[in-house]
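K.L.:
Handing you this structure, nothing more for now.
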Number of protein chains: 2
Amino acid sequence: MATIRTVAEHAGVSTATVSRVMNTPQQVSEGTRARVETAMRELNFSRNSVAASLVTRRSDCIGLIVGGLSGAFFAPLVNIVEETVSAAGSYLIVSCGKDTPGEVLAALQFLRQRQCDAIILFPGELPDAALTALLREQANVVVIHRSVVGFEDRCVQVDNATGARLAARHLIDCGHRDIGVISGPATNPESVQRLAAFADTLAGAGVPLDPALVFAGDFRLASGRQGMAKLLAGGRPLSAVFCLSDQMAFGALDYCRSVGVAVPERLSLLGFDDVEFAELMHPRLTTVRQPITLLARTAVEIALRLSRSGAPSGPQALLTPQLMLRDSVRRLA
Amino acid sequence: MATIRTVAEHAGVSTATVSRVMNTPQQVSEGTRARVETAMRELNFSRNSVAASLVTRRSDCIGLIVGGLSGAFFAPLVNIVEETVSAAGSYLIVSCGKDTPGEVLAALQFLRQRQCDAIILFPGELPDAALTALLREQANVVVIHRSVVGFEDRCVQVDNATGARLAARHLIDCGHRDIGVISGPATNPESVQRLAAFADTLAGAGVPLDPALVFAGDFRLASGRQGMAKLLAGGRPLSAVFCLSDQMAFGALDYCRSVGVAVPERLSLLGFDDVEFAELMHPRLTTVRQPITLLARTAVEIALRLSRSGAPSGPQALLTPQLMLRDSVRRLA
DNA sequence: CTGAAAGCGCTAACAG
DNA sequence: CTGTTAGCGCTTTCAG
């Protein structure tokens, strides 16, 4: 394998010059540069970025840690992050499938050890306390989809409470009174926020949420099926179900279909996320849209800024969700 | 930032010993090891893997290059690859969104420069010639979803021809004669293989494929919509359409719904991939299943073997697809 | 079992 | 514009 030394000898220059040709070509005379470039080509030289990183302490890499990619939510997120990062001339290293706190921490360490310039973290179930500690000791981490007190300038989040309120109000407005929820895990702050705001709004409208009609899922498809089965089996009156992720709404819908419960005629369904497939379902899923693109872009911008100047400096990012009215919620007579 | 030198001084040992504690703890006496570990903890030491990679020329990283993650096909692939890699104690670096040959090549270079132990490549539109050259000069690359002559031991592929034949035969068996296709790009070898085998089988059954009923999409949702619009607008009799990806089938289905063409009553639809959502659609999509899990696992195994011993040595992997009979194809009277 | 010493391939002052 | 010279932080013989 050719190194810059071989190239330097071949071109009759010093290694410093070869390095300059790669990093600051303006500082090298045209003739020398040409000679060096020829030598590189002839020797089939490929720079060793690892060695470069060792001295510069930069890697031009942004790390991204996310949970299971299986759902329809993460894939576009990763995609947009990648696009944004590479438009800025950096590269993205993604660690996916990191769901448990242990895995997240391990991934974090891995990326740090690899000298990632900044890390974007989707914290999953990682408790707020751990997150706070982390943000305090590592300046180049930005958190996506959660807000940590005291570190708001390094967090990008969708306003979960507003989203949930939108959902609650819509169901109320449509005349629903017997309302169930398929939530996320009780340990998940997103889920907790949404559920609280949803219950609040309902209570405010004089329709307190029956705890027996709340099923804790895990945001994934299968738990939507389970949740719906449970709610339906409960025997209580039920005219609408709010699912805290589209993925679970799909599962719920599928279960309804399998047991012959017509949506929205007999049961209304409301999702959260607005993933691509929401619009392709039949009926098209009414859902609370998270601005995923904006979320991803903002996170990358903060990360990039962090990696360059060390300061986040962005405006505090609390993005506003939006209710997408489609066909899965029925207005009661 | 603490380095092994700081740790060594703190623990009163040499740097070599600190290194041994991390890499070959059996070679260090228990007492020394304990002292070193304490020092590490006290100094909040975090090893610099970049420096280690520089000397070992290994990184414990497997690279993965895939195209747009937007579809439902790549996400699970990436997920399974990640699981398999991390079960083997290595890490995964994914470069996604690499669609054009230029991007793929750049990603390849990036990963190589970062000393990835092996690279799994989804070649997308990269022509066979470029791929052959690549495999020849880089011993640690494995190709997923394509077979390159002379390098079969480093390729994992689904048998496209068999899959397409299954599809063709099923449509014929169901009495279809007016058959259209929404294919991938003409430059995409997967697409070409499937299309050829499909047309062959049809011709063999006395139902030659009308070239006017073939629309070249790009495997993505939107092109499925476009393709269906085009085919329907053509005015020729049409009772079934074979889509070379589920994603395009979803687009086609959505278009049909938007213009009131009932599937499968008036038009049958057949997909390729069997992504998770195929079963959630209404009607549930009949499709040719690619064994994605097996595909991913096999690729990782070869990659791992390559990175350890340098030899692929696996059996040649040509995986068999399977027809999933569901509700989107109708048997004609 | 432990230490000394020689790099891995590259960059970054500092001179010239 | 170009070369010299120190390392970056870690691993790895080779002795002891």
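Convention: chains lettered A, B, ... in structure tokens order; per-chain residue numbering from 1; ligands numbered from 1 as shown.
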State the Cα RMSD (Å, one decimal) obtained when chain B is least-squares superposed onto chain A, all Cα atoms paired in order.
P.N.:
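After least-squares fitting, the two copies differ by 0.1 Å C-alpha RMSD.
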K.L.:
Could you write out as a list in words the residues of chain A within 8 Å of chain C, counting only C-alpha atoms (C1' of nucleotides)?
P.N.:
Thr3, Ile4, Ala16, Ser19, Asn48, Ala51, Ala52, Val55 and Thr56 of chain A
K.L.:
Could you please take those selected residues and save N, CA and C atoms as an mmCIF file, in the first residue's frame?
P.N.:
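After the write, selection_31.cif holds the following:
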data_model
loop_
_atom_site.group_PDB
_atom_site.id
_atom_site.type_symbol
_atom_site.label_atom_id
_atom_site.label_comp_id
_atom_site.auth_asym_id
_atom_site.auth_seq_id
_atom_site.Cartn_x
_atom_site.Cartn_y
_atom_site.Cartn_z
ATOM 1 N N THR A 3 2.029 4.981 0.648
ATOM 2 C CA THR A 3 1.805 5.999 1.677
ATOM 3 C C THR A 3 2.281 7.340 1.119
ATOM 4 N N ILE A 4 2.092 8.395 1.882
ATOM 5 C CA ILE A 4 2.541 9.666 1.338
ATOM 6 C C ILE A 4 4.066 9.695 1.202
ATOM 7 N N ALA A 16 5.456 16.640 3.353
ATOM 8 C CA ALA A 16 4.623 17.798 3.663
ATOM 9 C C ALA A 16 3.926 18.306 2.400
ATOM 10 N N SER A 19 1.084 16.125 1.491
ATOM 11 C CA SER A 19 -0.019 16.416 2.389
ATOM 12 C C SER A 19 -0.743 17.686 1.940
ATOM 13 N N ASN A 48 -4.671 7.426 3.991
ATOM 14 C CA ASN A 48 -5.101 6.767 5.216
ATOM 15 C C ASN A 48 -5.695 7.816 6.156
ATOM 16 N N ALA A 51 -4.864 7.824 10.002
ATOM 17 C CA ALA A 51 -3.651 8.521 10.434
ATOM 18 C C ALA A 51 -3.905 10.025 10.503
ATOM 19 N N ALA A 52 -4.628 10.520 9.525
ATOM 20 C CA ALA A 52 -4.926 11.957 9.518
ATOM 21 C C ALA A 52 -5.750 12.335 10.744
ATOM 22 N N VAL A 55 -3.920 12.865 14.063
ATOM 23 C CA VAL A 55 -3.274 14.145 14.372
ATOM 24 C C VAL A 55 -4.240 15.333 14.377
ATOM 25 N N THR A 56 -5.182 15.343 13.474
ATOM 26 C CA THR A 56 -6.084 16.510 13.433
ATOM 27 C C THR A 56 -7.154 16.452 14.507
#
K.L.:
Tell me which protein, DNA and RNA residues are within 8 Å of Ile120 in chain B, counting only C-alpha atoms (C1' of nucleotides), leaving out same-chain ones fewer than 4 positions away, and put them as a ChimeraX atom specification.
P.N.:
/B:62-65,141-144,299-300,303
K.L.:
Using only C-alpha atoms and a distance of at most 7 Å, pull out the residues of chain A that contact chain B, as a PyMOL selection string.
P.N.:
chain A and resi 46-51+54+68-70+75-76+79+82+92-97+113-114+254+280-282
K.L.:
Distance cut-off 7 Å, counting only C-alpha atoms (C1' of nucleotides) - which residues of chain A neighbour chain D? Return them as a ChimeraX atom specification.
P.N.:
/A:14,17,27-29,54-55
K.L.:
Could you write those residues out with C-alpha atoms, as an mmCIF file, in the first residue's frame?
P.N.:
data_model
loop_
_atom_site.group_PDB
_atom_site.id
_atom_site.type_symbol
_atom_site.label_atom_id
_atom_site.label_comp_id
_atom_site.auth_asym_id
_atom_site.auth_seq_id
_atom_site.Cartn_x
_atom_site.Cartn_y
_atom_site.Cartn_z
ATOM 1 C CA SER A 14 8.708 16.063 0.770
ATOM 2 C CA THR A 17 4.073 18.786 0.078
ATOM 3 C CA GLN A 27 -0.495 26.405 -1.361
ATOM 4 C CA VAL A 28 1.317 24.267 -3.897
ATOM 5 C CA SER A 29 2.634 25.430 -7.254
ATOM 6 C CA LEU A 54 -5.059 10.866 14.749
ATOM 7 C CA VAL A 55 -3.274 14.145 14.372
#
K.L.:
Name all residues at most 8 Å from range 224-239 of chain A (count only C-alpha atoms (C1' of nucleotides); drop same-chain ones fewer than 3 positions away) and give them as a PyMOL selection string.
P.N.:
chain A and resi 176-180+182+213-217+219-221+243+247-256+266-268
K.L.:
Work out how far apart CA of Ala168 in chain B and CA of Asp218 in chain B are and give it in Å to one decimal.
P.N.:
20.6 Å
K.L.:
Taking the chain letters and numbering used in this document, name the residues of range 182-273 of chain A that DSSP puts in alpha helix (DSSP H), as a ChimeraX atom specification.
P.N.:
/A:189-204,221-233,246-258
K.L.:
Using DSSP on the backbone coordinates, identify all residues within range 96-150 of chain B classified as strand (DSSP E); present the result as a list of chain:residue names.
P.N.:
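Residues of range 96-150 of chain B classed as strand (DSSP E): B:Ala118, B:Ile119, B:Ile120, B:Leu121, B:Val141, B:Val142, B:Val143, B:Ile144.
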